[in-house]
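A.B. asks: This is entry-v6.cif, which holds mmCIF, C-alpha atoms:
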data_coords
#
loop_
_atom_site.label_atom_id
_atom_site.label_comp_id
_atom_site.auth_asym_id
_atom_site.auth_seq_id
_atom_site.Cartn_x
_atom_site.Cartn_y
_atom_site.Cartn_z
CA MET Q 1 91.91 116.89 139.80
CA LYS Q 2 92.12 113.33 138.52
CA LEU Q 3 89.96 111.74 135.85
CA SER Q 4 87.25 109.36 137.01
CA GLU Q 5 86.93 105.82 135.79
CA GLN Q 6 83.91 106.82 133.77
CA GLN Q 7 85.86 109.59 132.06
CA ILE Q 8 88.62 107.11 131.20
CA GLU Q 9 85.95 104.95 129.57
CA GLN Q 10 84.78 108.01 127.68
CA LEU Q 11 88.32 108.49 126.40
CA TYR Q 12 88.41 104.89 125.15
CA THR Q 13 85.15 105.53 123.30
CA PHE Q 14 86.61 108.75 121.93
CA THR Q 15 89.64 106.96 120.46
CA ARG Q 16 87.36 104.33 118.93
CA GLN Q 17 85.27 107.07 117.36
CA HIS Q 18 88.44 108.45 115.85
CA TYR Q 19 89.36 105.22 114.09
CA VAL Q 20 91.70 103.68 116.63
CA GLU Q 21 90.43 100.11 116.59
CA TRP Q 22 93.14 98.48 118.59
CA TYR Q 23 93.21 98.29 122.35
CA ASP Q 24 97.00 98.52 122.61
CA LEU Q 25 97.04 101.88 120.85
CA GLN Q 26 93.87 103.07 122.55
CA THR Q 27 95.47 102.48 125.94
CA GLU Q 28 98.52 104.56 125.16
CA LEU Q 29 96.47 107.40 123.68
CA VAL Q 30 93.98 107.35 126.56
CA ASP Q 31 96.78 107.76 129.10
CA HIS Q 32 98.26 110.57 127.01
CA LEU Q 33 94.95 112.43 126.74
CA ALA Q 34 94.21 111.85 130.43
CA ASN Q 35 97.58 113.31 131.48
CA ALA Q 36 97.11 116.26 129.15
CA ILE Q 37 93.59 116.97 130.40
CA GLU Q 38 94.71 116.80 134.03
CA ALA Q 39 97.53 119.22 133.27
CA GLU Q 40 95.11 121.50 131.45
CA TRP Q 41 92.82 121.49 134.51
CA LYS Q 42 95.67 122.59 136.74
CA GLN Q 43 96.06 125.75 134.69
CA ASN Q 44 92.44 126.24 133.88
CA PRO Q 45 90.18 124.52 136.42
CA LYS Q 46 86.99 125.90 134.92
CA LEU Q 47 87.24 123.87 131.71
CA THR Q 48 84.79 121.00 131.34
CA PHE Q 49 86.06 117.53 130.50
CA GLU Q 50 84.82 117.82 126.90
CA GLU Q 51 86.42 121.22 126.39
CA ALA Q 52 89.78 120.04 127.70
CA LEU Q 53 89.62 116.91 125.56
CA HIS Q 54 88.83 118.96 122.48
CA LEU Q 55 91.81 121.22 123.17
CA GLU Q 56 94.17 118.29 123.55
CA PHE Q 57 92.89 116.40 120.54
CA LYS Q 58 93.52 119.48 118.40
CA LYS Q 59 97.23 119.15 119.17
CA PHE Q 60 97.31 115.89 117.21
CA GLY Q 61 96.71 117.93 114.04
CA VAL Q 62 94.14 117.64 111.27
CA PHE Q 63 94.63 113.94 110.79
CA GLY Q 64 94.02 113.19 114.44
CA PHE Q 65 95.31 109.79 115.51
CA MET Q 66 95.69 108.54 111.95
CA ASP Q 67 99.40 109.17 111.73
CA VAL Q 68 100.05 107.29 114.95
CA VAL Q 69 97.88 104.37 113.84
CA GLU Q 70 99.39 104.10 110.37
CA LYS Q 71 102.97 104.18 111.58
CA ARG Q 72 102.21 101.63 114.27
CA GLU Q 73 100.73 99.32 111.66
CA ALA Q 74 103.81 99.70 109.49
CA VAL Q 75 106.14 98.93 112.40
CA LEU Q 76 104.21 95.83 113.47
CA ASN Q 77 103.85 94.54 109.92
CA LYS Q 78 107.60 94.77 109.60
CA LYS Q 79 108.03 92.97 112.89
CA TYR Q 80 105.75 90.22 111.63
CA SER Q 81 107.68 89.87 108.37
CA ARG Q 82 110.89 89.56 110.33
CA LEU Q 83 109.29 86.88 112.47
CA VAL Q 84 108.22 84.86 109.43
CA LEU Q 85 111.64 85.17 107.85
CA SER Q 86 113.42 84.09 110.99
CA GLU Q 87 111.15 81.03 111.26
CA LEU Q 88 111.86 80.27 107.59
CA LYS Q 89 115.56 80.55 108.25
CA ASN Q 90 115.18 77.80 110.83
CA PHE Q 91 114.21 75.40 108.06
CA PHE Q 92 117.47 76.20 106.32
CA SER Q 93 119.73 75.57 109.26
CA ILE Q 94 120.84 72.34 110.89
CA PRO Q 95 119.04 70.02 111.61
CA LYS Q 96 115.90 70.96 109.68
CA ILE Q 97 117.82 71.74 106.48
CA VAL Q 98 118.22 67.99 105.87
CA LEU Q 99 114.46 67.56 105.66
CA THR Q 100 114.05 70.72 103.58
CA PHE Q 101 116.53 69.51 101.00
CA LEU Q 102 115.01 66.05 101.02
CA ALA Q 103 111.62 67.57 100.25
CA ILE Q 104 113.05 69.71 97.47
CA GLY Q 105 114.72 66.59 96.07
CA ILE Q 106 111.49 64.62 96.08
CA VAL Q 107 109.56 67.39 94.33
CA PHE Q 108 112.35 67.76 91.80
CA TYR Q 109 112.30 64.02 91.09
CA MET Q 110 108.53 64.11 90.69
CA LEU Q 111 108.64 67.08 88.35
CA LYS Q 112 111.26 65.32 86.27
CA SER Q 113 109.49 62.01 85.97
CA PHE Q 114 105.92 63.29 85.64
CA GLN Q 115 106.57 66.12 83.24
CA GLU Q 116 104.25 64.66 80.64
CA SER Q 117 101.40 63.87 82.94
CA PHE Q 118 101.40 67.43 84.17
CA LEU Q 119 97.79 67.18 85.29
CA ILE Q 120 98.91 65.42 88.47
CA LEU Q 121 101.30 68.26 89.18
CA GLN Q 122 98.73 70.92 88.44
CA ILE Q 123 96.39 69.28 90.90
CA LEU Q 124 99.15 69.26 93.52
CA PHE Q 125 99.77 72.96 93.09
CA VAL Q 126 96.07 73.77 93.20
CA LEU Q 127 95.73 71.72 96.37
CA THR Q 128 98.50 73.76 97.98
CA ALA Q 129 96.68 76.96 97.09
CA LEU Q 130 93.39 75.56 98.38
CA ALA Q 131 94.98 74.53 101.67
CA CYS Q 132 96.22 78.09 102.02
CA LEU Q 133 92.76 79.54 101.41
CA ILE Q 134 91.14 77.21 103.90
CA GLY Q 135 93.79 77.98 106.48
CA LEU Q 136 93.34 81.74 106.06
CA TRP Q 137 89.59 81.42 106.33
CA SER Q 138 89.80 79.36 109.50
CA LEU Q 139 92.28 81.78 111.08
CA SER Q 140 90.14 84.80 110.31
CA ARG Q 141 87.10 83.04 111.78
CA ASN Q 142 89.05 82.30 114.95
CA ILE Q 143 90.21 85.86 115.42
CA LYS Q 144 86.75 87.29 114.82
CA ARG Q 145 85.27 85.00 117.45
CA ASN Q 146 88.13 85.74 119.81
CA ASN Q 147 87.82 89.51 119.40
CA LYS Q 148 84.09 89.35 119.96
CA GLN Q 149 84.55 87.40 123.16
CA SER Q 150 87.17 89.68 124.70
CA GLY Q 151 85.79 92.91 123.24
CA LYS Q 152 89.35 94.04 122.57
CA LYS Q 153 91.37 94.05 119.40
CA TRP Q 154 95.14 93.86 119.39
CA LEU Q 155 96.94 95.02 116.30
CA PHE Q 156 99.68 92.39 116.36
CA LYS Q 157 97.12 89.68 116.96
CA ASP Q 158 95.14 90.82 113.92
CA ILE Q 159 98.31 90.74 111.85
CA ILE Q 160 99.18 87.22 113.02
CA PHE Q 161 95.67 85.93 112.35
CA GLY Q 162 95.23 86.89 108.78
CA TYR Q 163 96.27 90.43 108.11
CA GLY Q 164 99.82 89.31 107.49
CA SER Q 165 101.53 90.56 104.37
CA PHE Q 166 102.33 87.04 103.24
CA THR Q 167 98.81 86.23 102.13
CA GLY Q 168 99.63 87.41 98.62
CA PHE Q 169 101.83 84.35 98.27
CA ILE Q 170 98.76 82.29 97.47
CA ASN Q 171 99.22 83.43 93.90
CA LEU Q 172 102.43 81.46 93.50
CA PRO Q 173 101.11 77.89 93.22
CA ILE Q 174 98.23 79.13 91.08
CA GLN Q 175 100.72 80.59 88.62
CA PHE Q 176 102.64 77.33 88.72
CA SER Q 177 99.60 75.29 87.79
CA ILE Q 178 98.56 77.67 85.02
CA HIS Q 179 101.91 77.90 83.33
CA PHE Q 180 103.08 74.34 83.68
CA GLU Q 181 102.52 72.79 80.30
CA GLY Q 182 104.36 69.52 80.27
CA ILE Q 183 107.01 70.62 77.80
CA ASN Q 184 110.53 69.31 78.34
CA TYR Q 185 111.93 71.84 80.78
CA SER Q 186 115.59 72.01 81.67
CA GLU Q 187 116.67 70.42 84.95
CA TRP Q 188 117.69 73.80 86.32
CA PHE Q 189 114.25 75.19 85.74
CA LEU Q 190 112.67 72.20 87.47
CA LEU Q 191 115.05 72.55 90.39
CA VAL Q 192 114.11 76.21 90.84
CA CYS Q 193 110.43 75.25 90.68
CA SER Q 194 110.91 72.58 93.33
CA PHE Q 195 112.74 75.01 95.55
CA LEU Q 196 110.03 77.66 95.19
CA LEU Q 197 107.25 75.19 95.86
CA ILE Q 198 108.87 73.92 99.03
CA VAL Q 199 109.55 77.45 100.24
CA PHE Q 200 105.92 78.24 99.57
CA ILE Q 201 104.70 75.24 101.51
CA LEU Q 202 107.04 76.13 104.39
CA LEU Q 203 105.76 79.71 104.42
CA GLU Q 204 102.22 78.42 104.39
CA TYR Q 205 103.00 76.24 107.39
CA ILE Q 206 104.76 79.06 109.26
CA VAL Q 207 102.07 81.68 108.59
CA LEU Q 208 99.04 79.44 109.06
CA VAL Q 209 100.13 76.99 111.74
CA LEU Q 210 103.41 77.71 113.46
CA ILE Q 211 103.10 81.42 114.32
CA PRO Q 212 99.39 81.30 115.26
CA SER Q 213 100.18 78.39 117.58
CA LYS Q 214 102.78 80.52 119.36
CA ALA Q 215 100.61 83.65 119.19
CA GLU Q 216 100.16 84.04 122.94
CA GLU Q 217 103.91 83.98 123.46
CA TYR Q 218 104.50 86.67 120.82
CA LEU Q 219 101.64 88.80 122.11
CA LEU Q 220 102.92 88.70 125.68
CA ALA Q 221 106.34 89.73 124.44
CA THR Q 222 104.88 92.59 122.39
CA TYR Q 223 102.31 93.79 124.90
CA PRO Q 224 103.12 93.70 128.61
CA GLU Q 225 99.52 94.80 129.20
CA TYR Q 226 98.15 91.78 127.35
CA GLU Q 227 98.03 89.67 130.48
CA ILE Q 228 96.42 92.36 132.62
CA ALA Q 229 93.78 93.27 130.07
CA SER Q 230 92.66 89.96 128.66
CA MET V 1 107.44 121.90 116.59
CA LYS V 2 109.54 124.99 116.17
CA ASN V 3 111.89 124.81 113.17
CA SER V 4 110.69 121.28 112.79
CA GLN V 5 112.92 120.47 109.83
CA LEU V 6 116.04 121.12 111.87
CA TYR V 7 114.92 119.12 114.88
CA LYS V 8 113.26 116.28 113.03
CA GLY V 9 116.36 114.22 112.42
CA SER V 10 117.31 114.40 116.08
CA LEU V 11 114.02 113.32 117.63
CA ASN V 12 115.17 109.73 118.22
CA THR V 13 118.40 110.91 119.81
CA ILE V 14 116.49 113.33 122.04
CA ILE V 15 114.21 110.53 123.25
CA MET V 16 117.09 108.16 123.88
CA ARG V 17 119.09 110.79 125.73
CA LEU V 18 116.14 111.52 128.04
CA LEU V 19 115.60 107.83 128.73
CA GLU V 20 119.28 107.38 129.46
CA GLU V 21 119.03 110.07 132.08
CA LYS V 22 115.64 109.24 133.60
CA GLY V 23 115.56 105.46 133.35
CA ARG V 24 111.99 105.08 132.20
CA MET V 25 109.38 107.53 130.95
CA TYR V 26 105.92 107.57 129.39
CA GLY V 27 104.91 109.45 126.26
CA TYR V 28 103.31 112.48 127.82
CA GLU V 29 106.17 112.84 130.28
CA ILE V 30 108.66 113.01 127.39
CA THR V 31 106.80 115.84 125.64
CA GLN V 32 106.65 117.80 128.90
CA LYS V 33 110.27 117.19 129.79
CA VAL V 34 111.49 118.41 126.40
CA LYS V 35 109.32 121.50 126.70
CA GLU V 36 110.70 122.15 130.18
CA ILE V 37 114.37 121.72 129.23
CA THR V 38 114.11 123.92 126.16
CA GLN V 39 111.88 126.42 127.99
CA GLY V 40 109.05 125.90 125.57
CA GLU V 41 111.22 126.34 122.50
CA LEU V 42 110.93 122.75 121.36
CA ASN V 43 107.48 121.23 121.35
CA ILE V 44 107.40 117.60 120.27
CA THR V 45 104.08 116.84 118.61
CA GLU V 46 102.15 113.77 119.64
CA GLY V 47 101.90 112.71 116.00
CA ALA V 48 105.69 112.51 115.82
CA LEU V 49 106.51 111.20 119.28
CA TYR V 50 104.54 107.94 119.32
CA PRO V 51 105.63 106.74 115.88
CA ALA V 52 109.23 107.44 116.91
CA LEU V 53 108.81 105.50 120.17
CA HIS V 54 107.17 102.57 118.38
CA LYS V 55 109.92 102.46 115.80
CA LEU V 56 112.67 102.48 118.42
CA GLU V 57 110.83 99.72 120.25
CA ALA V 58 110.60 97.61 117.10
CA GLU V 59 114.29 98.12 116.47
CA GLY V 60 114.96 96.60 119.86
CA LEU V 61 116.39 99.82 121.30
CA LEU V 62 113.51 100.35 123.72
CA ASP V 63 111.61 98.06 126.00
CA VAL V 64 108.12 98.64 127.38
CA GLU V 65 106.55 98.19 130.80
CA VAL V 66 102.91 98.69 131.66
CA GLU V 67 101.59 99.73 135.03
CA LYS V 68 98.22 100.68 136.39
CA VAL V 69 98.31 104.31 137.52
CA ASP V 70 95.20 106.30 138.61
CA ASN V 71 92.63 103.85 137.23
CA ARG V 72 94.28 103.69 133.82
CA MET V 73 97.17 101.82 132.23
CA ARG V 74 100.42 103.58 131.59
CA LYS V 75 103.06 102.44 129.14
CA TYR V 76 106.64 103.20 130.15
CA TYR V 77 109.59 103.11 127.79
CA LYS V 78 113.15 102.35 128.79
CA LEU V 79 116.41 101.66 126.98
CA THR V 80 117.45 98.10 126.31
CA GLU V 81 121.08 97.12 126.53
CA LYS V 82 121.38 97.59 122.79
CA GLY V 83 119.63 100.93 123.17
CA THR V 84 122.11 102.13 125.79
CA THR V 85 125.06 101.40 123.53
CA GLU V 86 123.32 102.98 120.58
CA THR V 87 122.59 106.14 122.62
CA VAL V 88 126.30 106.67 123.16
CA ASN V 89 126.93 106.33 119.41
CA ARG V 90 124.11 108.62 118.42
CA LEU V 91 125.07 111.28 120.93
CA ALA V 92 128.63 111.25 119.64
CA GLU V 93 127.28 111.57 116.12
CA LEU V 94 125.04 114.46 117.12
CA GLU V 95 127.87 116.26 118.87
CA GLU V 96 130.04 115.86 115.80
CA PHE V 97 127.20 117.27 113.73
CA ILE V 98 126.83 120.28 116.03
CA LYS V 99 130.57 120.91 115.86
CA ASN V 100 130.60 120.75 112.08
CA MET V 101 127.59 123.02 111.82
CA GLN V 102 129.28 125.52 114.11
CA ASN V 103 132.34 125.49 111.92
CA ILE V 104 130.22 126.09 108.85
CA VAL V 105 128.00 128.77 110.35
CA ASN V 106 130.82 130.45 112.21
CA PRO V 107 134.08 129.64 110.46
CA LYS V 108 137.34 130.34 112.26
CA LEU V 109 139.62 131.58 109.55
CA SER V 110 143.16 130.55 110.22
CA TYR V 111 144.80 132.83 107.73
#
Taking this structure as input, can you express it in the form of C-alpha cells?

C.D. replies:
Amino acid sequence: MKLSEQQIEQLYTFTRQHYVEWYDLQTELVDHLANAIEAEWKQNPKLTFEEALHLEFKKFGVFGFMDVVEKREAVLNKKYSRLVLSELKNFFSIPKIVLTFLAIGIVFYMLKSFQESFLILQILFVLTALACLIGLWSLSRNIKRNNKQSGKKWLFKDIIFGYGSFTGFINLPIQFSIHFEGINYSEWFLLVCSFLLIVFILLEYIVLVLIPSKAEEYLLATYPEYEIAS
Amino acid sequence: MKNSQLYKGSLNTIIMRLLEEKGRMYGYEITQKVKEITQGELNITEGALYPALHKLEAEGLLDVEVEKVDNRMRKYYKLTEKGTTETVNRLAELEEFIKNMQNIVNPKLSY
C-alpha cells in the first residue's frame, strides 16, 4: 500500500512539529518515513498510519531529528564559510588585487596623515559598522518576506540571508574606533590596520551584497529540488 | 547499530562502496541494502546515515538528484568523479586495516 498525498502532507507537518524548520531536510525525512511506513505495512498490514509512523520515528532515537538537523546546519555553515573565503580570495588575485592594494594604500596614507584628527577616522569606522548593521537588517527583512510568500524555508538560504557566521565581524570596526587614540603609531601598525579595514569592507561587501545577489545560483546548485518546489 | 564503535569509522566507506556498485541510491534504500547484505547484523541508524551523506556531499564526494516518486520527492545520492577516485583509496585503506587487524587478532607465528 502506498501513502496518499494527504498522508505525505501529514508527514511534513510531523517533521515541522519535531523542529525541522527547513523544507530541504523535511523533504528527505518525509521520503524516508514514507518508505519505512510502506515497508512496515507490507509486514504488518493492520497497523494504522499513526502507529507505523510512531514505530519509525522511534528508530531515530531519543533526540528525534535533532541530530540530523544539527549536523546539516554545521555542514552548510562550513560550506558558506568556504564560499565567502573563496570570494575573498578573488580580491587577492589578478586583476582585482591591484584595486585591493590601492585601497589599502589609500587607507594607510589617510591613517598616516590624519593621525591627530582621529575623529574623522573614528567616524569612518563607525560608518562601516553602521553600513553592516543596515545591510544585515535589510537582508533579514527580505528573507522573512520571501519565506512567508513561499511558505518554505531553505537552510542554505537562511544562512546566506543573515544567519551567516561572519556577522560577528561587525565588532571589528567598532573596536578600531574605540581604541584609536591619535597617538603616533608605527607605520607597521597603521599598515596592518589598513589591511584589516579593507578586508573587513570586502567581507561586508561579499556577505551583504555579492553572495545574496548570486543566491539563486547557489541554491540551485545546493538543492536540485529548489526549482521544482519554489 | 551492532558493535557501533567498530563500524562507526567505516560508515562513509560503506556508503561509498554501495554507491559505486549501484550508481545512485536514496537514504532509506541504503539502510535496507546494508541490512540485507549483512543479514541484519549491521543496522545503520537514521541519525548516523543522513549526517554522513550530507558531509560527503559537502566534501564534493557525492552529488544529489531529486525526482518525484509516488507523490513525494526523493533525493538520490551518487558518486562524483572525485568520489569515485576517493572510494578506491578508502577501500584500499579499509582492506589494509582488515588485514592488519587479522594479523593482530590471529597472529601467524613464523618461528

A.B. asks: Within 6 Å of chain V, which residues of chain Q show up when using all atoms listed in the file, listed as a compact mmCIF listing (two decimals) with C-alpha atoms, in the frame of the given file?

C.D. replies:
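iface.txt written:
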# COMPACT_ATOMS: atom_id res chain seq x y z
CA HIS Q 32 98.26 110.57 127.01
CA PHE Q 60 97.31 115.89 117.21
CA VAL Q 68 100.05 107.29 114.95
CA LYS Q 71 102.97 104.18 111.58
CA PRO Q 224 103.12 93.70 128.61
CA GLU Q 225 99.52 94.80 129.20

A.B. asks: Take every atom of region 96-111 of chain V listed in the file, pad by 4 Å on each side, and give me the axis-aligned box centre and edge lengths in Å, one decimal, as JSON.

C.D. replies:
{"center_x": 135.8, "center_y": 124.3, "center_z": 111.9, "size_x": 26.0, "size_y": 25.0, "size_z": 16.3}

A.B. asks: Run the PyMOL selection byres ((chain V and resi 8-23) around 9) on the file and write out the hits as a count of residues only.

C.D. replies: 30

A.B. asks: Could you check the closest approach to Lys96 (chain Q) for each of Q:Ser177, Q:Ala52, Q:Leu202, Q:Leu33 and tell me which residue wins, using only C-alpha atoms?

C.D. replies: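 Result for the nearest residue to Lys96 (chain Q): Q:Leu202.
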
A.B. asks: If the PyMOL selection byres ((chain Q and resi 91) around 12) were run on this exact file, what residues would it hold? Put them as a list in words.

C.D. replies: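 Applied to this file, the PyMOL selection byres ((chain Q and resi 91) around 12) returns Val84, Leu85, Ser86, Glu87, Leu88, Lys89, Asn90, Phe92, Ser93, Ile94, Pro95, Lys96, Ile97, Val98, Leu99, Thr100, Phe101, Leu102, Ala103, Ile198, Val199, Ile201, Leu202, Leu203, Tyr205 and Ile206 of chain Q.
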